[in-house]
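These notes concern the structure reproduced below.
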Amino acid sequence: MKTTFISQDQPQYRANLHSHSNLSDGKLSPKELADIYRQNGYSILAITDHEYPKSHSELSREDFLLLTGYEAYIRTHTDARFDAYAPEVHLNLFAKEQDNETMICFNEAYCKYLTDPVQRKNLRRVGSERPREYSTSYVNEFIESANRAGYLVSYNHPVWSMEDEERIFSYEGLFSLEMDNTGTNRSNGMEYSGHLYDKLLLRRKHLFCHSGDDNHNKNPLTCPRSDSFGSFTMILANSLTYPDIIRAMETGSMYASTGPLIHEISVCDGRIHIECSPAAQIICSKGTRVSPRIRAIKGDSLTCADFSLDPIAPYFRVVVVDEQGHRATSRGYFREEYS
Ligand SMILES: [Zn+2]
Ligand SMILES: [Zn+2]
């Protein structure tokens, strides 16, 4: 029996699931952000301003969908001051319903961009409003409140956040890990979380993965330091409607990329079959130290590969790397999904 995880028959929509406008610390207005992403071949944009839950549905078009959400954070200092030497937690909250603008665990020290008194007065607030606390139990309580209020919660830029892995392993209720982040990678040069993702999958954390720009657009788009159009997510859905895209995200029908595209991932008769855009190598990580890979002959490229299924491996995931070193990363597919 054939199990298809990424099908050539299903449309793929290019998404930036992490961006900041001038409603928080970004430079461009929400409309300018929507315009540049639409003009650059994207179908989906989530404007995730810091502690600023906001629907931008008025900017959606037939061929371009705005997702509602925001980025929440928890720091070690109760006054929320930035400390480059201390870890912090950043979470993207994606509203399952387009008009959901609920604020989770409102706190004055954090919600500094919400300055409009009318907006504040009308804010729907969920979760404890005691001072935020950098502890595993508080973060789990925060995620639980967000889930209860109708949000999918992702864990953002793990390298930049500098949290101990053991803490990340103990978080519950996350739906996806941000694999690549253009903005933080521009500053630290090492924002890729493949190893962390394997460790989470080995601990049976059923997390998906995605990537985003986290763009603030302080530099022009033509500047090499521009933080737009580097990392993205391809979402596979039947149509570009809010419910279909959220359902696809919720069920892991998406993959992360900084360049290559994955056209097919299927399992049949003990073989994993992959089809992709031209690649220099295709890796099938199975949570072991001997993950097989197939490399193109020098000067040539690959557009498909087959790997044998490992009957012992708890999962597999696929990484496609092109000649420039750009990667597409699938989510982990657990054995119970294909056997
Ligand atoms: Zn962040
Ligand atoms: Zn951000």
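Ordering of the structure tokens sets the chain letters (A, B, ...), residue numbers begin anew at 1 in every chain, and ligands are numbered from 1 in the order given.
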(message) I'd like the neighbourhood of range 115-123 of chain A as a list in words, where a residue qualifies if any of its atoms comes within 8 Å (using only C-alpha atoms), though same-chain residues fewer than 5 positions away should be ignored.
(response)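 Surrounding residues, per the criterion: Glu101, Thr102 and Met103 of chain A.
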Please produce an output containing all heavy atoms for each residue in the selection, written as a CSV table (one decimal), in the first residue's frame.
chain,number,residue,atom,x,y,z
A,101,GLU,N,-8.4,37.6,17.9
A,101,GLU,CA,-7.3,38.6,18.2
A,101,GLU,C,-7.1,38.5,19.8
A,101,GLU,O,-6.8,39.5,20.4
A,101,GLU,CB,-7.7,40.0,17.8
A,101,GLU,CG,-7.8,40.1,16.3
A,101,GLU,CD,-8.2,41.6,15.9
A,101,GLU,OE1,-8.9,42.2,16.7
A,101,GLU,OE2,-7.9,42.0,14.8
A,102,THR,N,-7.2,37.3,20.3
A,102,THR,CA,-7.1,37.2,21.8
A,102,THR,C,-5.6,37.4,22.2
A,102,THR,O,-4.7,36.9,21.6
A,102,THR,CB,-7.5,35.8,22.2
A,102,THR,OG1,-8.8,35.5,21.6
A,102,THR,CG2,-7.6,35.6,23.7
A,103,MET,N,-5.5,38.1,23.3
A,103,MET,CA,-4.2,38.3,23.9
A,103,MET,C,-4.0,37.3,25.1
A,103,MET,O,-4.9,37.2,25.9
A,103,MET,CB,-4.1,39.8,24.5
A,103,MET,CG,-2.9,40.0,25.4
A,103,MET,SD,-1.3,39.9,24.6
A,103,MET,CE,-1.2,41.5,23.8
(request) Please identify all polymer residues within 12 Å of Thr329 in chain A, counting only C-alpha atoms, omitting same-chain residues fewer than 4 positions from it, and present them as an NGL selection string. (result) :A and (177-180 or 192-195 or 197-198 or 208-211 or 231-234 or 254-262 or 265 or 276 or 282-285 or 316-322 or 333)
Just the selected residues (C-alpha atoms), exported as an mmCIF file, in the first residue's frame, please.
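This went into result.cif:
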data_model
loop_
_atom_site.group_PDB
_atom_site.id
_atom_site.type_symbol
_atom_site.label_atom_id
_atom_site.label_comp_id
_atom_site.auth_asym_id
_atom_site.auth_seq_id
_atom_site.Cartn_x
_atom_site.Cartn_y
_atom_site.Cartn_z
ATOM 1 C CA LEU A 177 9.532 24.075 15.390
ATOM 2 C CA GLU A 178 10.967 26.969 13.393
ATOM 3 C CA MET A 179 13.808 25.341 11.480
ATOM 4 C CA ASP A 180 15.316 28.339 9.673
ATOM 5 C CA TYR A 192 19.301 25.961 11.777
ATOM 6 C CA SER A 193 17.731 23.439 14.126
ATOM 7 C CA GLY A 194 18.001 20.067 12.379
ATOM 8 C CA HIS A 195 19.827 18.442 15.304
ATOM 9 C CA TYR A 197 14.490 18.613 15.707
ATOM 10 C CA ASP A 198 15.891 15.054 15.610
ATOM 11 C CA PHE A 208 6.142 19.611 12.679
ATOM 12 C CA CYS A 209 8.645 22.059 11.224
ATOM 13 C CA HIS A 210 8.433 25.289 9.265
ATOM 14 C CA SER A 211 10.633 28.299 8.454
ATOM 15 C CA SER A 231 13.339 31.148 4.657
ATOM 16 C CA PHE A 232 9.811 30.060 3.890
ATOM 17 C CA THR A 233 7.238 27.328 4.377
ATOM 18 C CA MET A 234 5.455 25.444 1.617
ATOM 19 C CA MET A 254 3.889 21.577 5.046
ATOM 20 C CA TYR A 255 7.681 21.694 4.918
ATOM 21 C CA ALA A 256 10.422 24.205 5.648
ATOM 22 C CA SER A 257 12.809 25.556 3.045
ATOM 23 C CA THR A 258 15.460 28.108 2.199
ATOM 24 C CA GLY A 259 15.345 27.251 -1.510
ATOM 25 C CA PRO A 260 14.610 23.731 -2.808
ATOM 26 C CA LEU A 261 11.098 22.385 -3.343
ATOM 27 C CA ILE A 262 9.884 18.903 -2.476
ATOM 28 C CA ILE A 265 7.404 12.054 -0.419
ATOM 29 C CA CYS A 276 12.282 17.413 -5.731
ATOM 30 C CA ILE A 282 19.093 14.179 -0.662
ATOM 31 C CA ILE A 283 19.336 12.962 2.930
ATOM 32 C CA CYS A 284 16.968 10.642 4.732
ATOM 33 C CA SER A 285 17.433 11.182 8.456
ATOM 34 C CA PHE A 316 12.207 9.402 8.993
ATOM 35 C CA ARG A 317 12.541 12.914 7.655
ATOM 36 C CA VAL A 318 13.903 14.221 4.379
ATOM 37 C CA VAL A 319 16.400 17.002 3.712
ATOM 38 C CA VAL A 320 17.031 18.208 0.165
ATOM 39 C CA VAL A 321 20.155 20.344 -0.336
ATOM 40 C CA ASP A 322 20.855 22.291 -3.525
ATOM 41 C CA TYR A 333 7.051 10.953 9.627
#
(request) Identify, counting only C-alpha atoms and all ligand atoms, the protein, DNA and RNA residues located within 7 Å of ligand 1, and give them as a list in words. (result) Glu71, His90, Asn156 and His157 of chain A
(request) Enumerate the residues of range 50-292 of chain A with a DSSP assignment of strand (DSSP E), computed from the backbone, and present them as a VMD selection string. (result) chain A and resid 65 to 67 69 to 75 88 to 95 103 to 104 125 to 126 151 to 155 176 to 181 208 to 212 232 to 236 254 to 257 262 to 268 271 to 279 281 to 285
(request) Choose the residue, out of A:Tyr138, A:Tyr113, A:Tyr242, A:Tyr73, that has the smallest atom-to-atom separation from Ser43 in chain A; count only C-alpha atoms. (result)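 Smallest distance to Ser43 in chain A is found for A:Tyr242.
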(request) Per DSSP on the backbone, filter range 181-255 of chain A down to the residues in helix (DSSP H, G or I) and report them as a ChimeraX atom specification. (result) /A:182-188,194-202,242-250
(message) When you look at Ala109 in chain A with a cut-off of 10 Å (counting only C-alpha atoms), what residues show up, excluding the ones that are within fewer than 6 positions of it in the same chain? I need them as a list in words.
(response)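 Surrounding residues, per the criterion: Thr78, Asp79, Ala80, Arg81, Pro131 and Arg132 of chain A.
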Please write the residues from the selection above to a file, keeping C-alpha atoms, as a PDB file, in the first residue's frame.
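Generated file (again_32.pdb):
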ATOM      1  CA  THR A  78      10.202  40.316  35.229  1.00  0.00           C
ATOM      2  CA  ASP A  79      10.435  43.853  33.802  1.00  0.00           C
ATOM      3  CA  ALA A  80      10.961  42.222  30.368  1.00  0.00           C
ATOM      4  CA  ARG A  81      14.240  44.042  29.677  1.00  0.00           C
ATOM      5  CA  PRO A 131       4.096  38.648  36.226  1.00  0.00           C
ATOM      6  CA  ARG A 132       5.576  36.451  33.529  1.00  0.00           C
TER       7      ARG A 132
END
(request) Tell me, as a VMD selection string, which residues lie within 8 Å of Pro158 in chain A, counting only C-alpha atoms; anything in the same chain fewer than 3 positions away does not count. (result) chain A and resid 155 161 to 163 178 191 193
Since we have the selection now, will you write its residues out, keeping all heavy atoms, as a PDB file, in the first residue's frame?
ATOM      1  N   TYR A 155       7.445  27.095  18.219  1.00  0.00           N
ATOM      2  CA  TYR A 155       8.640  27.498  18.966  1.00  0.00           C
ATOM      3  C   TYR A 155       9.601  28.153  17.969  1.00  0.00           C
ATOM      4  O   TYR A 155      10.008  27.531  16.986  1.00  0.00           O
ATOM      5  CB  TYR A 155       9.288  26.275  19.634  1.00  0.00           C
ATOM      6  CG  TYR A 155      10.408  26.662  20.563  1.00  0.00           C
ATOM      7  CD1 TYR A 155      10.158  26.920  21.900  1.00  0.00           C
ATOM      8  CD2 TYR A 155      11.707  26.793  20.091  1.00  0.00           C
ATOM      9  CE1 TYR A 155      11.180  27.312  22.758  1.00  0.00           C
ATOM     10  CE2 TYR A 155      12.736  27.182  20.936  1.00  0.00           C
ATOM     11  CZ  TYR A 155      12.463  27.442  22.267  1.00  0.00           C
ATOM     12  OH  TYR A 155      13.479  27.834  23.104  1.00  0.00           O
ATOM     13  N   SER A 161      17.356  31.939  20.757  1.00  0.00           N
ATOM     14  CA  SER A 161      16.721  31.971  22.081  1.00  0.00           C
ATOM     15  C   SER A 161      17.624  31.443  23.191  1.00  0.00           C
ATOM     16  O   SER A 161      17.414  31.742  24.358  1.00  0.00           O
ATOM     17  CB  SER A 161      15.413  31.180  22.061  1.00  0.00           C
ATOM     18  OG  SER A 161      14.436  31.906  21.353  1.00  0.00           O
ATOM     19  N   MET A 162      18.619  30.647  22.831  1.00  0.00           N
ATOM     20  CA  MET A 162      19.648  30.170  23.788  1.00  0.00           C
ATOM     21  C   MET A 162      19.079  29.392  24.979  1.00  0.00           C
ATOM     22  O   MET A 162      19.643  29.446  26.078  1.00  0.00           O
ATOM     23  CB  MET A 162      20.472  31.347  24.324  1.00  0.00           C
ATOM     24  CG  MET A 162      21.357  31.977  23.293  1.00  0.00           C
ATOM     25  SD  MET A 162      22.727  32.941  23.958  1.00  0.00           S
ATOM     26  CE  MET A 162      22.258  33.481  25.556  1.00  0.00           C
ATOM     27  N   GLU A 163      17.985  28.689  24.775  1.00  0.00           N
ATOM     28  CA  GLU A 163      17.449  27.894  25.882  1.00  0.00           C
ATOM     29  C   GLU A 163      18.166  26.547  25.976  1.00  0.00           C
ATOM     30  O   GLU A 163      18.586  25.979  24.958  1.00  0.00           O
ATOM     31  CB  GLU A 163      15.964  27.636  25.653  1.00  0.00           C
ATOM     32  CG  GLU A 163      15.101  28.831  25.910  1.00  0.00           C
ATOM     33  CD  GLU A 163      13.762  28.371  26.429  1.00  0.00           C
ATOM     34  OE1 GLU A 163      12.975  27.889  25.601  1.00  0.00           O
ATOM     35  OE2 GLU A 163      13.527  28.476  27.635  1.00  0.00           O
ATOM     36  N   GLU A 178      10.444  26.128  14.477  1.00  0.00           N
ATOM     37  CA  GLU A 178      10.967  26.969  13.393  1.00  0.00           C
ATOM     38  C   GLU A 178      12.395  26.518  13.069  1.00  0.00           C
ATOM     39  O   GLU A 178      13.305  26.660  13.881  1.00  0.00           O
ATOM     40  CB  GLU A 178      10.958  28.441  13.835  1.00  0.00           C
ATOM     41  CG  GLU A 178      11.180  29.407  12.689  1.00  0.00           C
ATOM     42  CD  GLU A 178      11.115  30.854  13.143  1.00  0.00           C
ATOM     43  OE1 GLU A 178      11.968  31.261  13.959  1.00  0.00           O
ATOM     44  OE2 GLU A 178      10.209  31.571  12.711  1.00  0.00           O
ATOM     45  N   GLU A 191      21.467  29.829  12.498  1.00  0.00           N
ATOM     46  CA  GLU A 191      20.101  29.501  12.900  1.00  0.00           C
ATOM     47  C   GLU A 191      19.564  28.354  12.051  1.00  0.00           C
ATOM     48  O   GLU A 191      18.864  28.567  11.056  1.00  0.00           O
ATOM     49  CB  GLU A 191      19.212  30.743  12.784  1.00  0.00           C
ATOM     50  CG  GLU A 191      17.836  30.584  13.409  1.00  0.00           C
ATOM     51  CD  GLU A 191      17.855  30.549  14.914  1.00  0.00           C
ATOM     52  OE1 GLU A 191      18.326  31.506  15.523  1.00  0.00           O
ATOM     53  OE2 GLU A 191      17.394  29.544  15.479  1.00  0.00           O
ATOM     54  N   SER A 193      18.000  24.283  12.958  1.00  0.00           N
ATOM     55  CA  SER A 193      17.731  23.439  14.126  1.00  0.00           C
ATOM     56  C   SER A 193      17.466  21.983  13.783  1.00  0.00           C
ATOM     57  O   SER A 193      16.671  21.319  14.439  1.00  0.00           O
ATOM     58  CB  SER A 193      16.565  24.041  14.921  1.00  0.00           C
ATOM     59  OG  SER A 193      16.963  25.286  15.435  1.00  0.00           O
TER      60      SER A 193
END
